[in-house]
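Everything on this sheet refers to the single structure shown next.
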Amino acid sequence: MTTLTNQEETITLDTFTRGLWKENPVFVMLLGLCPVLAVTNTTMNAIAMGLATLFVLVASSTLVSLLRKLIPKQVRIASYIIIIATFVTMVDYLIQSISLDLYNALGAFIQLIVVNCVILGRAEAYASKQKVSTAIINALGMGVGFTIALLCLGVTRELLGAGTILGFQVFSTSFEPWIVMILPPGGFFVLGSWLLLFEYIKQRKQQTHLNVTGVVEHGS
Amino acid sequence: MNHSDMTLVQPVMPQSKQLQPQTPSFAMIQTLAGIAMLSGFLVVLVYQVTKPIIAENKRLAIEKAISVVLSDVSAKRDYFLGDEGLVLFDAGQQSPSFSGEKIYAAYDDKDELRGVALEAAATGYQDVIRILYGYDPSCQCVTGIKVLKMAETPGLGDKIAFDADFLENFIALDAQLNVNLGGLQNEIVTVKHGAKTEPWQIDAISGATISSNAIGKMINQSGQKVIPLINKHLNELKHPEKEPGKTSETNPEATPETKE
Amino acid sequence: MDPDSLTFIFINAALSNNFVLALFLGLCPFLGVSAKKETACNMGLATMFVMLVSSISAFSINWLLIEFNIQFLRLICYIAVIASAVQLVEMVVKKFSPTLFRALGIFLPLITTNCAILGLALFQTFREYNFLQCLAFSLGAGVGFTLALLLMAGLREKLELARVPTVSQGATMSLMLAGLLSLAFMGFAGLGSGHG
């Protein structure tokens with residue numbers, strides 16, 4: 001899981017990038033899967049959901065970090081939930097004012113950002129112990145990592161399930177779309193395949209690493 | 001909900017229990033109240049700022065939908081129609097105290113009534129489907145539908161929004177009134193794909209029966225109730241300026257204010 | 001079948017629109033506690049219970065919010081009330097039935113952050129269910145959740161004996177299994193359509 005350090009970190013490049021790859025909330029930590037699978041049937045929905053989550057994540061991390069010395073330990077979870085719910089409500093109205101179509105497509109899943117464990121997890125394990133600047137940068141990294149993961153799924157599912165990306169035809173019309181990909185089972189399959197791919201790459205890397213270090217013995 | 005919330009954290013941070021300092025409950029209540037105030041302030045702020053924009057968006061969406069379900073529309077008026085009468089309905093106004101529905105009367109550039117657009121809703125396969133449908137009093141028929149909101153299965157149920165064959169059902173769907181003008185002569189029903197024989201039947205999409213049924217059901221439900229009322233007030237809808245006070249209530253302009 | 005009837009709502013929530021396998025709500029416990037059938041069963045029952053409680057409280061809160069015309073506070077109120085309702089239930093159960101508490105105990109606080117609970121409250125509000133429909137909906141959702149959890153646990157117990165390539169062990173395998181289960185549940189889609 002996340003680093004549970006109690007000391008304040010200094011900002012390094014790692015503060016930002018660890019959310020992208022090493023501790024990617026979706027692919028590595030398997031957190032917040034509910035929106036990941038539910039709204040990624042089109043690329044547009046995936047982007048909107050990713051950005052909404054990014055906003056809530058950064059805003060709530062900032063506020064939690066600002067208030068970290070004022071909130072007594074016993075009531076902190078309650079406080080965090082109220083803070084997160086506030087920002088989610090704000091996002092809810094903002095999306096409504098930007099595009100009603102998008103709002104209708106995402107439905108209740110915007111409001112369900114509240115219970116996305118990535119956000120509460122960040123607030124609890126990181127933002128409540130770090131300086132505002134560090135917390136913001138880390139939240140940005142996590143949010144971008146989350147958005148990238150959503151995008152990976154959204155693009156794959158829309159491409160295979162409808163033959164389009166962002167509504168533009170990519171495959172020729174003779175391509176028979178795999179409708180199952182935009183249906184619920186497709187979500188599970190596509191996420192599973194992405195995890196499989198990453199695991200494979202990781203094992204290949206270890207293998208080459210072994211081969212390189214063990215080159216004297218094996219002579220390969 | 002304050003003290004016991006500690007249990008929530010245990011899976012995440014088991015060591016937090018030992019570090020727990022004694023905090024007076026006053027401080028806890030103070031913090032929670034402070035945060036609640038702050039969040040209330042933020043939410044109300046955003047709500048107030050976005051409210052007019054959202055209302056405008058909704059208005060645009062409705063206008064776009066009206067131009068789909070009725071042809072040659074250049075102006076519209078919002079009305080509130082119920083058993084007690086017909087009332088002009090301005091934007092930002094509270095609904096009148098009697099029960100009824102919002103209807104949109106559409107006019108062409110010569111100010112002739114083109115038809116009336118009505119909202120209808122019913123539960124589909126996954127969630128509520130909301131549509132707008134056009135009713136033309138001159139041919140006593142439905143002239144088109146537009147899905148406003150739905151969450152039907154992509155590739156199957158969501159065809160109700162764009163399937164050309166299905167939408168053709170609604171170009172001249174018979175909605176004639178019965179003899180005593182209290183309801184429809186023929187109930188609007190959805191029939192199995194390919195079994196449509198009468199002009200008041202809707203040919204379902206195969207593979208999307210529940211969604212198709214829901215559309216038929218909602219039009220029938222709303223039509224049985226509202227279309228007789230529209231015909232009762234047809235003259236007022238046709239000539240809104242000439243006979244403004246002819247509703248069963250008093251002056252339609254003043255009614256909502258006095259009732260509030 | 002009439003889509004507003006209690007039977008349809010129940011079956012729809014339990015099978016054809018299963019919360020976990022079709023709506024992806026409550027995936028964390030689904031992947032987390034589905035290793036053993038016994039735990040899965042207890043978790044399912046605890047969730048069903050909490051669903052019932054929070055459905056009733058969400059129904060009353062929504063009525064209050066509409067009464068005062070402050071619907072924009074809905075989300076904040078829901079999450080706060082659900083969290084406190086769960087705590088309250090936990091205390092009551094602890095006091096009156098220690099056996100039940102031992103069975104459900106550790107799961108109750110975890111459930112608060114389960115998106116299935118908030119999802120249930122939000123969906124019943126959006127669909128404008130009346131009180132009885134809310135009850136049928138929450139029971140159906142609970143049954144569906146328990147069912148999905150139990151099936152998954154059964155599969156995973158068998159899987160322990162199977163030889164799986166090292167690349168696809170763990171989460172990957174669970175997700176693929178969940179996908180197959182979800183595919184199977186899609187077979188319920190025509191249930192109650194009337195025309196078959």
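Naming works like this for the structure tokens: A, B, ... for the chains as they're shown, residue 1 at the start of each chain, ligands 1 onward in shown order.
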Exercise: Met152 of chain C partners within 12 Å, only C-alpha atoms, chain neighbours under 5 positions left out, as a PyMOL selection string
chain C and resi 20-21+27+29-41+44+145-147+157-159+173-182
Would you save the residues of that selection, restricted to N, CA and C atoms, as an mmCIF file, in the first residue's frame?
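Resulting contents of part.cif:
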data_model
loop_
_atom_site.group_PDB
_atom_site.id
_atom_site.type_symbol
_atom_site.label_atom_id
_atom_site.label_comp_id
_atom_site.auth_asym_id
_atom_site.auth_seq_id
_atom_site.Cartn_x
_atom_site.Cartn_y
_atom_site.Cartn_z
ATOM 1 N N VAL C 20 -22.967 -5.765 -8.349
ATOM 2 C CA VAL C 20 -21.535 -5.958 -8.537
ATOM 3 C C VAL C 20 -21.205 -6.225 -10.000
ATOM 4 N N LEU C 21 -21.946 -7.130 -10.606
ATOM 5 C CA LEU C 21 -21.518 -7.634 -11.909
ATOM 6 C C LEU C 21 -22.022 -6.801 -13.079
ATOM 7 N N LEU C 27 -17.007 -3.200 -5.615
ATOM 8 C CA LEU C 27 -15.993 -4.123 -6.130
ATOM 9 C C LEU C 27 -14.906 -4.420 -5.107
ATOM 10 N N PRO C 29 -14.963 -4.958 -1.725
ATOM 11 C CA PRO C 29 -15.191 -6.184 -0.949
ATOM 12 C C PRO C 29 -15.324 -7.402 -1.844
ATOM 13 N N PHE C 30 -15.828 -7.191 -3.053
ATOM 14 C CA PHE C 30 -16.025 -8.324 -3.969
ATOM 15 C C PHE C 30 -14.689 -8.993 -4.266
ATOM 16 N N LEU C 31 -13.661 -8.192 -4.521
ATOM 17 C CA LEU C 31 -12.351 -8.783 -4.800
ATOM 18 C C LEU C 31 -11.587 -9.067 -3.517
ATOM 19 N N GLY C 32 -11.906 -8.307 -2.454
ATOM 20 C CA GLY C 32 -11.133 -8.436 -1.226
ATOM 21 C C GLY C 32 -11.530 -9.592 -0.342
ATOM 22 N N VAL C 33 -12.829 -9.751 -0.074
ATOM 23 C CA VAL C 33 -13.241 -10.760 0.905
ATOM 24 C C VAL C 33 -13.899 -11.966 0.274
ATOM 25 N N SER C 34 -13.617 -12.211 -1.000
ATOM 26 C CA SER C 34 -14.293 -13.346 -1.616
ATOM 27 C C SER C 34 -13.385 -14.569 -1.693
ATOM 28 N N ALA C 35 -12.412 -14.663 -0.780
ATOM 29 C CA ALA C 35 -11.506 -15.799 -0.850
ATOM 30 C C ALA C 35 -12.126 -17.044 -0.222
ATOM 31 N N LYS C 36 -12.955 -16.850 0.831
ATOM 32 C CA LYS C 36 -13.564 -17.993 1.519
ATOM 33 C C LYS C 36 -15.079 -17.846 1.514
ATOM 34 N N LYS C 37 -15.764 -18.977 1.359
ATOM 35 C CA LYS C 37 -17.220 -18.913 1.264
ATOM 36 C C LYS C 37 -17.848 -18.368 2.549
ATOM 37 N N GLU C 38 -17.292 -18.781 3.685
ATOM 38 C CA GLU C 38 -17.908 -18.387 4.953
ATOM 39 C C GLU C 38 -17.834 -16.873 5.164
ATOM 40 N N THR C 39 -16.640 -16.304 4.954
ATOM 41 C CA THR C 39 -16.498 -14.855 5.087
ATOM 42 C C THR C 39 -17.389 -14.148 4.084
ATOM 43 N N ALA C 40 -17.414 -14.675 2.865
ATOM 44 C CA ALA C 40 -18.215 -14.042 1.832
ATOM 45 C C ALA C 40 -19.673 -13.998 2.255
ATOM 46 N N CYS C 41 -20.149 -15.083 2.840
ATOM 47 C CA CYS C 41 -21.545 -15.149 3.255
ATOM 48 C C CYS C 41 -21.832 -14.116 4.340
ATOM 49 N N GLY C 44 -21.793 -10.653 2.943
ATOM 50 C CA GLY C 44 -23.000 -10.413 2.160
ATOM 51 C C GLY C 44 -24.179 -10.088 3.057
ATOM 52 N N PHE C 145 -25.867 -8.900 -4.211
ATOM 53 C CA PHE C 145 -24.493 -8.728 -3.749
ATOM 54 C C PHE C 145 -23.991 -10.006 -3.095
ATOM 55 N N THR C 146 -24.827 -10.581 -2.195
ATOM 56 C CA THR C 146 -24.441 -11.817 -1.513
ATOM 57 C C THR C 146 -24.208 -12.941 -2.514
ATOM 58 N N LEU C 147 -25.111 -13.024 -3.477
ATOM 59 C CA LEU C 147 -25.016 -14.069 -4.487
ATOM 60 C C LEU C 147 -23.707 -13.956 -5.262
ATOM 61 N N GLU C 157 -12.188 -20.708 -4.459
ATOM 62 C CA GLU C 157 -11.733 -21.863 -3.676
ATOM 63 C C GLU C 157 -11.276 -22.984 -4.601
ATOM 64 N N LYS C 158 -12.037 -23.184 -5.694
ATOM 65 C CA LYS C 158 -11.641 -24.205 -6.666
ATOM 66 C C LYS C 158 -10.329 -23.806 -7.347
ATOM 67 N N LEU C 159 -10.205 -22.516 -7.590
ATOM 68 C CA LEU C 159 -9.062 -22.017 -8.355
ATOM 69 C C LEU C 159 -7.749 -22.283 -7.637
ATOM 70 N N MET C 173 -6.518 -12.824 -12.541
ATOM 71 C CA MET C 173 -7.389 -13.997 -12.597
ATOM 72 C C MET C 173 -8.766 -13.668 -12.018
ATOM 73 N N SER C 174 -8.792 -12.957 -10.889
ATOM 74 C CA SER C 174 -10.068 -12.610 -10.275
ATOM 75 C C SER C 174 -10.920 -11.790 -11.236
ATOM 76 N N LEU C 175 -10.278 -10.828 -11.911
ATOM 77 C CA LEU C 175 -11.036 -9.978 -12.821
ATOM 78 C C LEU C 175 -11.597 -10.771 -13.994
ATOM 79 N N MET C 176 -10.790 -11.685 -14.529
ATOM 80 C CA MET C 176 -11.266 -12.508 -15.637
ATOM 81 C C MET C 176 -12.458 -13.358 -15.200
ATOM 82 N N LEU C 177 -12.338 -13.928 -13.985
ATOM 83 C CA LEU C 177 -13.446 -14.718 -13.441
ATOM 84 C C LEU C 177 -14.692 -13.857 -13.300
ATOM 85 N N ALA C 178 -14.488 -12.651 -12.760
ATOM 86 C CA ALA C 178 -15.617 -11.752 -12.582
ATOM 87 C C ALA C 178 -16.254 -11.437 -13.922
ATOM 88 N N GLY C 179 -15.416 -11.281 -14.953
ATOM 89 C CA GLY C 179 -15.940 -11.010 -16.282
ATOM 90 C C GLY C 179 -16.818 -12.153 -16.772
ATOM 91 N N LEU C 180 -16.360 -13.384 -16.545
ATOM 92 C CA LEU C 180 -17.150 -14.544 -16.977
ATOM 93 C C LEU C 180 -18.472 -14.610 -16.215
ATOM 94 N N LEU C 181 -18.403 -14.345 -14.900
ATOM 95 C CA LEU C 181 -19.623 -14.346 -14.093
ATOM 96 C C LEU C 181 -20.593 -13.295 -14.610
ATOM 97 N N SER C 182 -20.021 -12.121 -14.916
ATOM 98 C CA SER C 182 -20.849 -11.021 -15.388
ATOM 99 C C SER C 182 -21.517 -11.390 -16.712
#
Counting only C-alpha atoms, a student should be able to say which residues of chain A come within 7 Å of chain B; what is the right answer, written as a PDB file with C-alpha atoms, in the first residue's frame?
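Listed below is the output, iface.pdb:
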ATOM      1  CA  ILE A  71      -8.634  18.575  12.907  1.00  0.00           C
ATOM      2  CA  PRO A  72      -8.651  16.381  16.038  1.00  0.00           C
ATOM      3  CA  LYS A  73      -7.735  12.763  15.350  1.00  0.00           C
ATOM      4  CA  GLN A  74     -11.076  11.337  16.442  1.00  0.00           C
ATOM      5  CA  VAL A  75     -13.180  13.264  13.975  1.00  0.00           C
ATOM      6  CA  ILE A  77     -12.517  10.687   8.908  1.00  0.00           C
ATOM      7  CA  ALA A  78     -15.844  12.423   9.337  1.00  0.00           C
ATOM      8  CA  SER A  79     -14.217  15.727   8.417  1.00  0.00           C
ATOM      9  CA  ILE A  83     -14.762  17.857   2.666  1.00  0.00           C
ATOM     10  CA  THR A  86     -18.440  19.135  -0.724  1.00  0.00           C
ATOM     11  CA  THR A  89     -21.181  18.271  -5.104  1.00  0.00           C
ATOM     12  CA  MET A  90     -19.336  21.199  -6.662  1.00  0.00           C
ATOM     13  CA  TYR A  93     -22.982  21.153 -10.578  1.00  0.00           C
ATOM     14  CA  LEU A  94     -19.998  22.225 -12.678  1.00  0.00           C
ATOM     15  CA  GLN A  96     -24.137  20.026 -15.293  1.00  0.00           C
ATOM     16  CA  SER A  97     -23.320  23.578 -16.304  1.00  0.00           C
ATOM     17  CA  LEU A 100     -25.978  18.107 -19.826  1.00  0.00           C
ATOM     18  CA  ASN A 104     -26.632  12.264 -18.258  1.00  0.00           C
ATOM     19  CA  ILE A 179     -20.497  -5.099 -28.346  1.00  0.00           C
ATOM     20  CA  ILE A 182     -18.933  -1.832 -23.906  1.00  0.00           C
ATOM     21  CA  LEU A 183     -21.157  -4.060 -21.807  1.00  0.00           C
TER      22      LEU A 183
END
Select residues of chain C: the criterion is any atom within 8 Å of an atom of chain A, counting only C-alpha atoms; output as number ranges by chain.
C: 21-28, 72-73, 75-76, 79-80, 113-115, 118-119, 122-123, 167-168, 171-173, 175-176, 178-183
Resulting file, chosen residues, N, CA and C atoms, as a compact mmCIF listing (two decimals), in the first residue's frame:
# COMPACT_ATOMS: atom_id res chain seq x y z
N LEU C 21 -21.95 -7.13 -10.61
CA LEU C 21 -21.52 -7.63 -11.91
C LEU C 21 -22.02 -6.80 -13.08
N ALA C 22 -23.03 -5.98 -12.87
CA ALA C 22 -23.50 -5.15 -13.98
C ALA C 22 -23.24 -3.67 -13.73
N LEU C 23 -23.31 -3.25 -12.47
CA LEU C 23 -23.14 -1.83 -12.17
C LEU C 23 -21.78 -1.54 -11.54
N PHE C 24 -20.99 -2.55 -11.27
CA PHE C 24 -19.65 -2.40 -10.70
C PHE C 24 -19.65 -1.69 -9.35
N LEU C 25 -20.70 -1.85 -8.57
CA LEU C 25 -20.70 -1.20 -7.27
C LEU C 25 -20.24 -2.21 -6.22
N GLY C 26 -19.40 -1.77 -5.32
CA GLY C 26 -18.93 -2.65 -4.26
C GLY C 26 -17.89 -3.65 -4.74
N LEU C 27 -17.01 -3.20 -5.62
CA LEU C 27 -15.99 -4.12 -6.13
C LEU C 27 -14.91 -4.42 -5.11
N CYS C 28 -14.62 -3.44 -4.23
CA CYS C 28 -13.54 -3.65 -3.27
C CYS C 28 -13.79 -4.88 -2.41
N PHE C 72 -29.55 20.36 -3.00
CA PHE C 72 -28.14 20.39 -3.35
C PHE C 72 -27.26 19.90 -2.20
N LEU C 73 -27.84 19.73 -1.02
CA LEU C 73 -27.07 19.18 0.09
C LEU C 73 -27.24 17.67 0.19
N LEU C 75 -26.06 14.92 -1.29
CA LEU C 75 -24.91 14.02 -1.21
C LEU C 75 -24.26 14.06 0.16
N ILE C 76 -24.02 15.28 0.67
CA ILE C 76 -23.37 15.43 1.96
C ILE C 76 -24.21 14.78 3.05
N ILE C 79 -24.16 10.80 2.80
CA ILE C 79 -22.95 10.12 3.25
C ILE C 79 -22.80 10.24 4.76
N ALA C 80 -23.15 11.41 5.31
CA ALA C 80 -23.05 11.58 6.76
C ALA C 80 -24.03 10.66 7.48
N THR C 113 -17.79 2.62 3.58
CA THR C 113 -17.16 3.18 2.39
C THR C 113 -17.39 2.32 1.16
N ASN C 114 -18.34 1.39 1.27
CA ASN C 114 -18.67 0.55 0.13
C ASN C 114 -19.57 1.34 -0.81
N CYS C 115 -19.17 1.44 -2.08
CA CYS C 115 -19.96 2.31 -2.94
C CYS C 115 -21.34 1.74 -3.23
N LEU C 118 -23.95 3.75 -0.96
CA LEU C 118 -24.30 5.08 -1.45
C LEU C 118 -24.97 4.99 -2.81
N GLY C 119 -24.50 4.04 -3.62
CA GLY C 119 -25.10 3.86 -4.94
C GLY C 119 -26.57 3.53 -4.83
N LEU C 122 -28.50 6.62 -3.93
CA LEU C 122 -28.62 7.56 -5.05
C LEU C 122 -29.56 7.04 -6.12
N PHE C 123 -29.45 5.75 -6.45
CA PHE C 123 -30.30 5.20 -7.50
C PHE C 123 -31.77 5.27 -7.11
N VAL C 167 2.01 -15.38 -14.52
CA VAL C 167 1.70 -14.02 -14.97
C VAL C 167 0.28 -13.62 -14.59
N SER C 168 -0.63 -14.58 -14.67
CA SER C 168 -2.03 -14.20 -14.51
C SER C 168 -2.56 -14.49 -13.12
N ALA C 171 -4.92 -10.66 -8.99
CA ALA C 171 -6.02 -9.79 -9.41
C ALA C 171 -6.46 -10.07 -10.84
N THR C 172 -5.50 -10.34 -11.71
CA THR C 172 -5.85 -10.59 -13.11
C THR C 172 -6.85 -11.72 -13.23
N MET C 173 -6.52 -12.82 -12.54
CA MET C 173 -7.39 -14.00 -12.60
C MET C 173 -8.77 -13.67 -12.02
N LEU C 175 -10.28 -10.83 -11.91
CA LEU C 175 -11.04 -9.98 -12.82
C LEU C 175 -11.60 -10.77 -13.99
N MET C 176 -10.79 -11.68 -14.53
CA MET C 176 -11.27 -12.51 -15.64
C MET C 176 -12.46 -13.36 -15.20
N ALA C 178 -14.49 -12.65 -12.76
CA ALA C 178 -15.62 -11.75 -12.58
C ALA C 178 -16.25 -11.44 -13.92
N GLY C 179 -15.42 -11.28 -14.95
CA GLY C 179 -15.94 -11.01 -16.28
C GLY C 179 -16.82 -12.15 -16.77
N LEU C 180 -16.36 -13.38 -16.55
CA LEU C 180 -17.15 -14.54 -16.98
C LEU C 180 -18.47 -14.61 -16.22
N LEU C 181 -18.40 -14.35 -14.90
CA LEU C 181 -19.62 -14.35 -14.09
C LEU C 181 -20.59 -13.29 -14.61
N SER C 182 -20.02 -12.12 -14.92
CA SER C 182 -20.85 -11.02 -15.39
C SER C 182 -21.52 -11.39 -16.71
N LEU C 183 -20.74 -12.09 -17.56
CA LEU C 183 -21.28 -12.55 -18.83
C LEU C 183 -22.46 -13.49 -18.59
Out of C:Ile56, C:Asn42, C:Val143, C:Val86, which residue has the shortest atom-to-atom distance to chain B when counting only C-alpha atoms?
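Of all the options, C:Val86 lies closest to chain B.
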Nearest candidate to chain B (options C:Arg156, C:Arg127, C:Arg74, C:Lys94; using only C-alpha atoms)
C:Arg127
Neighbours of segment 149-160 of chain A within 8 Å (only C-alpha atoms; same-chain residues fewer than 2 positions away dropped), as a ChimeraX atom specification?
/A:26-27,36,40-47,50,145-147,162-165,170,177-179,181-182,186-187,190-191
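Residue-level DSSP output for segment 19-207 of chain A, from the backbone, shows strand (DSSP E) at Thr164, Ile165, Phe168 and Gln169 of chain A.
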Output N, CA and C atoms for every residue in that selection, as an mmCIF file, in the first residue's frame.
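As written to disk, selection33.cif reads:
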data_model
loop_
_atom_site.group_PDB
_atom_site.id
_atom_site.type_symbol
_atom_site.label_atom_id
_atom_site.label_comp_id
_atom_site.auth_asym_id
_atom_site.auth_seq_id
_atom_site.Cartn_x
_atom_site.Cartn_y
_atom_site.Cartn_z
ATOM 1 N N THR A 164 -14.759 3.037 -32.775
ATOM 2 C CA THR A 164 -14.528 4.480 -32.849
ATOM 3 C C THR A 164 -13.640 4.918 -31.700
ATOM 4 N N ILE A 165 -13.061 6.138 -31.832
ATOM 5 C CA ILE A 165 -12.411 6.774 -30.697
ATOM 6 C C ILE A 165 -12.935 8.195 -30.628
ATOM 7 N N PHE A 168 -15.095 9.262 -33.466
ATOM 8 C CA PHE A 168 -14.616 9.203 -34.849
ATOM 9 C C PHE A 168 -14.389 7.754 -35.263
ATOM 10 N N GLN A 169 -14.821 7.424 -36.449
ATOM 11 C CA GLN A 169 -14.650 6.068 -36.965
ATOM 12 C C GLN A 169 -13.164 5.781 -37.167
#
Please return, as a VMD selection string, all residues of segment 9-172 of chain C that DSSP assigns to alpha helix (DSSP H) on the basis of the backbone.
chain C and resid 9 to 11 27 to 32 37 to 68 74 to 96 98 to 104 107 to 112 115 to 126 131 to 159 171 to 172
